[in-house]
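J.: Contents of final-v2.csv (CSV, C-alpha atoms):
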chain,number,residue,atom,x,y,z
A,29,MET,CA,171.4,-80.9,38.4
A,30,HIS,CA,174.9,-81.4,39.8
A,31,ARG,CA,175.0,-84.8,41.5
A,32,VAL,CA,177.1,-85.2,44.7
A,33,VAL,CA,177.8,-88.8,45.7
A,34,VAL,CA,179.0,-89.5,49.2
A,35,LEU,CA,180.8,-92.8,49.6
A,36,ALA,CA,180.5,-94.3,53.1
A,37,LEU,CA,183.2,-96.8,53.9
A,38,ASP,CA,183.2,-99.3,56.8
A,39,GLY,CA,183.9,-97.4,60.0
A,40,VAL,CA,182.8,-94.0,58.7
A,41,TYR,CA,182.6,-91.1,61.1
A,42,PRO,CA,178.9,-90.1,61.3
A,43,PHE,CA,179.5,-86.3,61.6
A,44,GLU,CA,181.7,-86.0,58.5
A,45,LEU,CA,179.3,-88.4,56.6
A,46,SER,CA,176.5,-85.9,57.2
A,47,ILE,CA,178.4,-82.7,56.1
A,48,PRO,CA,177.9,-83.0,52.3
A,49,VAL,CA,174.1,-83.6,52.5
A,50,ARG,CA,173.7,-80.8,55.0
A,51,ILE,CA,175.7,-78.2,53.0
A,52,PHE,CA,175.0,-79.2,49.4
A,53,GLY,CA,171.4,-80.3,50.2
A,54,THR,CA,170.7,-76.8,51.6
A,55,ALA,CA,172.0,-74.9,48.5
A,56,ALA,CA,169.2,-73.4,46.5
A,57,ASP,CA,168.7,-70.7,43.9
A,58,GLY,CA,166.6,-67.5,44.4
A,59,PRO,CA,163.2,-69.2,43.9
A,60,GLY,CA,164.3,-72.0,46.3
A,61,ARG,CA,165.1,-74.7,43.7
A,62,PRO,CA,167.7,-77.2,44.8
A,63,LEU,CA,171.1,-76.8,43.1
A,64,TYR,CA,172.5,-80.2,44.0
A,65,GLU,CA,171.3,-83.7,44.3
A,66,VAL,CA,173.1,-85.6,47.1
A,67,ILE,CA,173.0,-89.4,47.4
A,68,THR,CA,174.9,-91.7,49.7
A,69,CYS,CA,176.3,-95.0,48.7
A,70,SER,CA,178.5,-97.9,50.0
A,71,LEU,CA,180.7,-100.2,48.0
A,72,ASP,CA,178.1,-102.9,47.9
A,73,GLY,CA,174.8,-101.1,48.7
A,74,ARG,CA,174.6,-102.7,52.2
A,75,PRO,CA,174.4,-101.0,55.6
A,76,VAL,CA,177.7,-99.5,56.7
A,77,ARG,CA,179.2,-99.8,60.2
A,78,THR,CA,180.1,-96.4,61.6
A,79,SER,CA,182.7,-95.3,64.2
A,80,ALA,CA,179.8,-95.0,66.7
A,81,ASP,CA,177.5,-97.7,68.1
A,82,PHE,CA,175.2,-97.8,65.1
A,83,ALA,CA,175.2,-98.6,61.4
A,84,VAL,CA,173.7,-96.6,58.5
A,85,ALA,CA,171.6,-98.0,55.8
A,86,VAL,CA,172.2,-96.7,52.3
A,87,GLU,CA,170.1,-97.1,49.1
A,88,HIS,CA,172.9,-97.3,46.6
A,89,GLY,CA,176.0,-99.3,45.8
A,90,ALA,CA,179.2,-98.4,43.9
A,91,GLU,CA,177.2,-98.0,40.7
A,92,ALA,CA,176.1,-94.5,41.9
A,93,LEU,CA,179.7,-93.4,41.2
A,94,ASP,CA,178.9,-93.8,37.5
A,95,THR,CA,176.8,-90.6,37.6
A,96,ALA,CA,178.8,-88.6,40.1
A,97,ASP,CA,179.7,-85.0,39.3
A,98,THR,CA,181.4,-84.7,42.7
A,99,LEU,CA,182.5,-87.6,44.9
A,100,VAL,CA,183.0,-86.9,48.6
A,101,LEU,CA,185.0,-89.3,50.7
A,102,PRO,CA,184.4,-88.9,54.5
A,103,PRO,CA,187.0,-90.3,56.9
A,104,PHE,CA,186.6,-93.7,58.5
A,105,VAL,CA,188.2,-95.8,61.2
A,106,CYS,CA,191.4,-97.5,59.9
A,107,GLU,CA,195.1,-97.8,60.5
A,108,PRO,CA,196.8,-95.0,58.5
A,109,ALA,CA,198.2,-96.2,55.2
A,110,GLY,CA,201.5,-97.9,55.7
A,111,SER,CA,202.4,-98.0,52.0
A,112,ARG,CA,201.3,-96.7,48.7
A,113,ASP,CA,199.4,-99.9,48.0
A,114,TRP,CA,197.0,-99.5,50.9
A,115,LEU,CA,193.3,-99.3,49.9
A,116,PRO,CA,190.2,-100.8,51.4
A,117,ASP,CA,188.9,-103.8,49.4
A,118,GLY,CA,186.9,-102.9,46.3
A,119,LEU,CA,187.6,-99.2,46.6
A,120,GLU,CA,190.1,-99.0,43.7
A,121,ALA,CA,187.5,-100.5,41.3
A,122,ALA,CA,184.9,-98.2,42.6
A,123,LEU,CA,187.0,-95.1,41.9
A,124,GLU,CA,187.6,-96.3,38.4
A,125,ARG,CA,183.9,-95.9,37.8
A,126,LEU,CA,184.1,-92.1,38.0
A,127,ARG,CA,183.6,-90.2,34.8
A,128,PRO,CA,186.4,-88.0,33.4
A,129,GLY,CA,186.2,-84.5,34.9
A,130,ALA,CA,184.4,-85.6,38.1
A,131,ARG,CA,185.6,-83.7,41.2
A,132,ILE,CA,186.9,-85.7,44.1
A,133,VAL,CA,186.8,-84.4,47.6
A,134,SER,CA,188.3,-86.0,50.7
A,135,ILE,CA,187.7,-84.9,54.3
A,136,CYS,CA,190.3,-85.4,57.0
A,137,THR,CA,192.2,-88.7,56.8
A,138,ALA,CA,190.3,-89.8,53.7
A,139,SER,CA,193.1,-88.0,51.8
A,140,TYR,CA,195.0,-91.3,52.4
A,141,VAL,CA,192.6,-93.0,50.0
A,142,LEU,CA,193.3,-90.4,47.3
A,143,ALA,CA,197.1,-90.7,47.8
A,144,ALA,CA,197.1,-94.5,47.9
A,145,ALA,CA,195.1,-94.5,44.7
A,146,GLY,CA,197.8,-92.5,43.1
A,147,LEU,CA,195.6,-89.4,42.6
A,148,LEU,CA,197.8,-87.0,44.6
A,149,GLU,CA,201.1,-87.5,42.7
A,150,GLY,CA,202.8,-84.1,42.6
A,151,ARG,CA,199.6,-82.3,43.8
A,152,PRO,CA,198.8,-80.2,46.9
A,153,ALA,CA,196.8,-81.8,49.7
A,154,THR,CA,196.2,-81.5,53.4
A,155,THR,CA,195.0,-83.9,56.1
A,156,HIS,CA,194.5,-83.7,59.8
A,157,TRP,CA,197.5,-82.0,61.4
A,158,ASN,CA,198.1,-85.0,63.7
A,159,ASN,CA,198.7,-87.2,60.6
A,160,ALA,CA,200.5,-84.7,58.4
A,161,ASP,CA,204.1,-85.9,59.0
A,162,HIS,CA,203.2,-89.5,58.6
A,163,PHE,CA,201.2,-88.7,55.4
A,164,GLN,CA,204.2,-86.8,53.9
A,165,ARG,CA,206.6,-89.7,54.7
A,166,THR,CA,204.2,-92.2,53.2
A,167,PHE,CA,203.5,-90.2,50.1
A,168,PRO,CA,206.6,-88.1,49.5
A,169,THR,CA,205.6,-86.9,46.1
A,170,THR,CA,202.4,-85.2,47.4
A,171,ARG,CA,202.8,-81.6,48.4
A,172,VAL,CA,201.4,-81.8,51.9
A,173,ASN,CA,200.4,-78.5,53.6
A,174,ALA,CA,199.5,-79.1,57.3
A,175,ASP,CA,198.8,-75.4,58.0
A,176,VAL,CA,195.6,-74.9,55.9
A,177,LEU,CA,191.9,-75.8,56.4
A,178,PHE,CA,191.6,-77.2,52.8
A,179,THR,CA,193.3,-77.3,49.4
A,180,ASP,CA,191.6,-76.7,46.1
A,181,ASP,CA,193.5,-78.1,43.0
A,182,GLY,CA,190.6,-78.0,40.6
A,183,ASP,CA,189.2,-81.5,40.4
A,184,LEU,CA,190.9,-82.7,43.6
A,185,LEU,CA,190.2,-81.1,46.9
A,186,THR,CA,191.1,-82.1,50.4
A,187,ALA,CA,190.0,-80.8,53.8
A,188,ALA,CA,192.0,-81.0,57.0
A,189,GLY,CA,189.3,-82.5,59.2
A,190,VAL,CA,185.8,-82.3,60.8
A,191,ALA,CA,184.7,-78.6,60.6
A,192,SER,CA,187.1,-77.9,57.8
A,193,GLY,CA,184.9,-80.3,55.7
A,194,ILE,CA,182.1,-77.7,56.2
A,195,ASP,CA,184.5,-75.0,55.0
A,196,LEU,CA,185.4,-76.9,51.9
A,197,CYS,CA,181.8,-77.8,51.0
A,198,LEU,CA,180.9,-74.1,51.4
A,199,HIS,CA,183.9,-73.2,49.3
A,200,LEU,CA,182.6,-75.5,46.5
A,201,VAL,CA,179.1,-73.9,46.7
A,202,ARG,CA,180.7,-70.5,46.5
A,203,ARG,CA,182.8,-71.6,43.5
A,204,ASP,CA,179.8,-73.1,41.7
A,205,HIS,CA,177.2,-70.5,42.5
A,206,GLY,CA,178.7,-67.5,44.1
A,207,SER,CA,178.9,-65.9,47.6
A,208,ASP,CA,175.1,-65.1,47.9
A,209,VAL,CA,174.2,-68.8,47.7
A,210,ALA,CA,177.0,-69.9,49.9
A,211,ASN,CA,176.2,-67.3,52.5
A,212,ARG,CA,172.5,-68.3,52.5
A,213,VAL,CA,173.6,-71.9,53.1
A,214,ALA,CA,175.9,-70.8,56.0
A,215,ARG,CA,173.1,-68.8,57.6
A,216,GLN,CA,170.7,-71.7,57.3
A,217,CYS,CA,173.3,-74.1,58.9
A,218,VAL,CA,174.4,-71.5,61.5
A,219,VAL,CA,178.1,-71.7,60.5
A,220,PRO,CA,180.7,-69.1,59.5
A,221,PRO,CA,180.1,-68.2,55.8
A,222,TRP,CA,183.8,-68.1,55.0
A,223,ARG,CA,187.0,-69.3,56.6
A,224,GLU,CA,189.7,-68.9,54.0
A,225,GLY,CA,191.4,-72.2,53.1
A,226,GLY,CA,194.8,-70.8,54.0
A,227,GLN,CA,193.8,-70.2,57.6
A,228,ALA,CA,195.8,-72.3,60.1
A,229,GLN,CA,193.9,-75.5,61.0
A,230,PHE,CA,195.5,-75.8,64.5
A,231,ILE,CA,196.0,-72.9,66.9
A,232,ASP,CA,197.6,-73.9,70.1
A,233,ARG,CA,195.8,-71.6,72.5
A,234,PRO,CA,193.5,-72.0,75.5
A,235,VAL,CA,189.8,-71.4,75.2
A,236,PRO,CA,189.0,-67.9,76.5
A,237,ALA,CA,187.3,-67.7,79.9
A,238,PRO,CA,183.7,-66.5,79.7
A,239,ALA,CA,184.6,-63.2,81.4
A,240,ASP,CA,187.0,-62.5,78.5
A,241,SER,CA,184.4,-63.1,75.7
A,242,ALA,CA,183.7,-59.4,75.2
A,243,THR,CA,184.5,-58.7,71.6
A,244,SER,CA,181.5,-60.1,69.8
A,245,PRO,CA,179.4,-56.9,70.0
A,246,THR,CA,182.3,-54.9,68.7
A,247,ARG,CA,182.8,-57.3,65.8
A,248,GLN,CA,179.1,-56.8,64.9
A,249,TRP,CA,179.6,-53.1,65.1
A,250,VAL,CA,182.6,-53.2,62.8
A,251,LEU,CA,180.6,-55.3,60.3
A,252,GLU,CA,178.0,-52.5,60.2
A,253,ASN,CA,180.7,-49.9,59.6
A,254,LEU,CA,183.0,-51.6,57.1
A,255,HIS,CA,182.7,-48.6,54.8
A,256,ARG,CA,184.5,-46.5,57.4
A,257,PRO,CA,188.3,-46.5,58.2
A,258,VAL,CA,187.7,-48.2,61.5
A,259,THR,CA,190.8,-48.1,63.8
A,260,LEU,CA,192.0,-50.4,66.5
A,261,THR,CA,191.6,-47.6,69.0
A,262,GLU,CA,187.9,-47.2,68.0
A,263,MET,CA,187.3,-50.9,68.4
A,264,ALA,CA,188.8,-50.9,71.9
A,265,ARG,CA,186.8,-47.8,72.8
A,266,HIS,CA,183.6,-49.5,71.6
A,267,ALA,CA,184.4,-52.5,73.7
A,268,ARG,CA,185.1,-50.2,76.6
A,269,THR,CA,188.6,-51.5,77.3
A,270,SER,CA,192.2,-50.7,76.6
A,271,VAL,CA,193.8,-51.4,73.2
A,272,ARG,CA,196.1,-54.0,74.8
A,273,THR,CA,193.3,-55.8,76.6
A,274,PHE,CA,191.0,-55.7,73.5
A,275,SER,CA,193.7,-57.1,71.3
A,276,ARG,CA,194.5,-59.9,73.7
A,277,ARG,CA,190.8,-60.9,74.0
A,278,PHE,CA,190.1,-60.6,70.3
A,279,ARG,CA,193.0,-62.9,69.4
A,280,ALA,CA,191.9,-65.4,72.1
A,281,GLU,CA,188.4,-65.5,70.7
A,282,VAL,CA,189.0,-65.3,67.0
A,283,GLY,CA,192.5,-66.6,66.5
A,284,LEU,CA,193.5,-63.5,64.4
A,285,THR,CA,194.6,-60.0,65.2
A,286,PRO,CA,191.9,-57.3,64.9
A,287,GLY,CA,193.7,-56.0,61.8
A,288,GLN,CA,193.8,-59.4,60.1
A,289,TRP,CA,190.1,-60.1,60.9
A,290,LEU,CA,189.1,-56.7,59.6
A,291,THR,CA,190.9,-57.2,56.3
A,292,ARG,CA,189.2,-60.5,55.8
A,293,GLN,CA,185.8,-59.0,56.4
A,294,ARG,CA,186.5,-56.2,53.9
A,295,VAL,CA,187.6,-58.8,51.3
A,296,GLU,CA,184.5,-60.8,51.9
A,297,LEU,CA,182.3,-57.8,51.4
A,298,ALA,CA,184.1,-56.8,48.3
A,299,ARG,CA,183.7,-60.3,46.8
A,300,ARG,CA,179.9,-60.1,47.5
A,301,LEU,CA,179.6,-56.7,45.9
A,302,LEU,CA,181.6,-57.8,42.9
A,303,GLU,CA,179.3,-60.8,42.5
A,304,THR,CA,175.9,-59.2,43.1
A,305,THR,CA,176.1,-55.5,42.1
A,306,ASP,CA,177.1,-53.4,39.0
A,307,LEU,CA,179.0,-50.9,41.1
A,308,ALA,CA,182.2,-49.5,39.6
A,309,MET,CA,185.5,-50.7,41.1
A,310,ASP,CA,186.0,-47.4,43.0
A,311,SER,CA,182.6,-47.7,44.5
A,312,VAL,CA,183.1,-51.3,45.6
A,313,ALA,CA,186.4,-50.3,47.2
A,314,THR,CA,184.7,-47.5,49.0
A,315,GLU,CA,181.8,-49.6,50.3
A,316,ALA,CA,184.2,-52.3,51.5
A,317,GLY,CA,186.4,-49.7,53.3
A,318,PHE,CA,189.5,-50.1,51.2
A,319,GLY,CA,189.5,-46.5,50.2
A,320,SER,CA,190.8,-47.0,46.6
A,321,ALA,CA,190.5,-49.5,43.8
A,322,ALA,CA,194.3,-50.0,43.9
A,323,SER,CA,194.2,-51.0,47.6
A,324,MET,CA,191.3,-53.3,47.0
A,325,ARG,CA,193.1,-55.0,44.1
A,326,GLN,CA,196.2,-55.5,46.3
A,327,HIS,CA,194.2,-57.1,49.1
A,328,LEU,CA,192.0,-59.3,46.9
A,329,THR,CA,195.0,-60.6,44.9
A,330,ALA,CA,196.8,-61.5,48.2
A,331,ALA,CA,193.7,-63.2,49.7
A,332,ILE,CA,192.2,-65.1,46.7
A,333,GLY,CA,194.9,-64.9,44.0
A,334,THR,CA,193.0,-62.9,41.5
A,335,SER,CA,192.1,-59.3,40.7
A,336,PRO,CA,188.7,-57.7,41.3
A,337,THR,CA,188.1,-57.5,37.6
A,338,ALA,CA,188.9,-61.1,37.0
A,339,TYR,CA,186.9,-62.2,40.0
A,340,ARG,CA,183.8,-60.3,38.7
A,341,ARG,CA,184.3,-61.8,35.3
A,342,MET,CA,184.2,-65.3,36.8
A,343,PHE,CA,181.3,-64.8,39.3
A,344,HIS,CA,179.0,-62.0,38.2
A,345,PRO,CA,176.2,-63.3,35.9
A,346,ASP,CA,176.2,-60.1,33.8
A,347,ALA,CA,180.0,-59.6,33.8
A,348,PRO,CA,180.4,-59.4,30.0
A,349,SER,CA,178.0,-56.5,29.8
A,350,LEU,CA,179.5,-54.5,32.6
A,351,THR,CA,181.8,-51.5,31.8
A,352,ARG,CA,185.0,-50.9,33.6
What is this file in structure tokens?

T.:
Amino acid sequence: MHRVVVLALDGVYPFELSIPVRIFGTAADGPGRPLYEVITCSLDGRPVRTSADFAVAVEHGAEALDTADTLVLPPFVCEPAGSRDWLPDGLEAALERLRPGARIVSICTASYVLAAAGLLEGRPATTHWNNADHFQRTFPTTRVNADVLFTDDGDLLTAAGVASGIDLCLHLVRRDHGSDVANRVARQCVVPPWREGGQAQFIDRPVPAPADSATSPTRQWVLENLHRPVTLTEMARHARTSVRTFSRRFRAEVGLTPGQWLTRQRVELARRLLETTDLAMDSVATEAGFGSAASMRQHLTAAIGTSPTAYRRMFHPDAPSLTR
């Protein structure tokens, strides 16, 4: 079983500390067998002070890192790194205990730990948008992207902060076990099943007034009709409002235009069908509302960087036996 080790450092934020066990600990196969073992440790095995008015007791010390397949570093209260040599006492030695090939995940400003340890040299990363400029000045060789929810560079992954830690953990479940498992976890935890890593982490807009929150029923209707070429006019008609008003309310609630959101839902459905069915590419494209396999290939390549055929080969359990 894949072992996820969560390292709690002094001053850890409780919410982010709980994300890995909630997401990975919920992941199970069809019969309900757990897919991950999640354990929490500190550097010395002693209770850890949190950013709140309580401490957390852990049962493991740094020796738990010896067996980690994935290490998750939640953020903690500290002054942002002022130099490349900044690291909490004992942390560098703890990181050296990791086995070759172990994945390392940081949430929010814990990316400073990875950079200070020299792990992000020349590699992509993100951090909380409020710290991005300082992070880039402090670690100029890291390719910082402040406009994404998370980055995935194979064995090193970084999340922008708080809820994007959920997005990144779900992304790893999806990468390890496919969309069906990740979607079940998301439903169980009552969180969105997929927010693409490239989605902007900070949208400067007011929270919509309750009277403006009128697009949710229409979004549900669209999801039930993804196989159809749904138009913006049809969406506005379903919401019983003008196209202009609907577009304004939709963007205020979702942070995307109706067209952008619709394309993402079609991509998500296509991914799920590619993973879980034996449908031919033309049939997948039709079910997802793309109209043609060529259109689906164009949108999937733009969204996830790979073709439908390559995606199925990676994630469908019977891919080698499927015909084109």

J.: Could you give me, as a VMD selection string, the residues within 6 Å of Ala153 (chain A), counting only C-alpha atoms and dropping anything in the same chain fewer than 6 positions from it?

T.: chain A and resid 172 179 186

J.: At a cut-off of 12 Å around the point (176.9, -70.5, 61.0) (file coordinates), what residues fall inside when counting only C-alpha atoms? I'd like the answer as a PyMOL selection string.

T.: chain A and resi 51+191+194-195+198+210-223

J.: So which one's closest to Arg127 (chain A), A:Leu142, A:Leu93, A:Val105, A:Val176? Using all atoms listed in the file, please.

T.: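 Closest residue, counting all atoms listed in the file: A:Leu93.
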
J.: Compare A:Gln326, A:Ala187, A:Gly283, A:Val209 by their minimum atom-to-atom distance to Pro59 (chain A), counting all atoms listed in the file, and give me the closest one.

T.: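 Between A:Gln326, A:Ala187, A:Gly283, A:Val209, the residue approaching Pro59 (chain A) most closely is A:Val209.
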
J.: In Å to one decimal, how far is CA of Pro116 (chain A) from CA of Thr155 (chain A)?

T.: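 Pair CA of Thr155 (chain A) / CA of Pro116 (chain A) returns 18.2 Å.
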
J.: Considering only C-alpha atoms, can you say which of A:Phe178, A:Val295, A:Trp249, A:Ala85 comes closest to Gly333 (chain A)?

T.: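 Selected residue with least distance to Gly333 (chain A): A:Val295.
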
J.: May I ask for the distance between CA of Met29 (chain A) and CA of Leu63 (chain A), given in Å to one decimal place?

T.: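 CA of Leu63 (chain A) lies 6.2 Å from CA of Met29 (chain A).
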
J.: Counting only C-alpha atoms, which residue out of A:Arg247, A:Arg325, A:His266, A:His30 sits closest to Gln293 (chain A)?

T.: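 Among the listed residues, the smallest separation from Gln293 (chain A) belongs to A:Arg247.
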
J.: Calculate how many Å separate CA of Met263 (chain A) from CA of Thr329 (chain A), rounding to one decimal.

T.: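 Atom-to-atom, CA of Met263 (chain A) to CA of Thr329 (chain A), that is 26.6 Å.
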
J.: For each of A:Ala316, A:Cys106, A:Val141, A:Ala96, take the minimum atom-to-atom distance to Pro128 (chain A), counting all atoms listed in the file, then give the residue where this is smallest.

T.: A:Ala96

J.: Would you pick out the contacts of Leu301 (chain A) at 12 Å or less, using all atoms listed in the file, so that residues sharing its chain but fewer than 4 positions from it are not included, and give the list as a list in words?

T.: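 With the cut-off at 12 Å, the set is Gly206, Ser207, Asp208, Arg294, Val295, Glu296, Leu297, Thr305, Asp306, Leu307, Ala308, Met309, Asp310, Ser311, Val312, Ala313, Thr314, Glu315, Ala316, Pro336, Thr337, Tyr339, Arg340, Phe343 and His344 of chain A.
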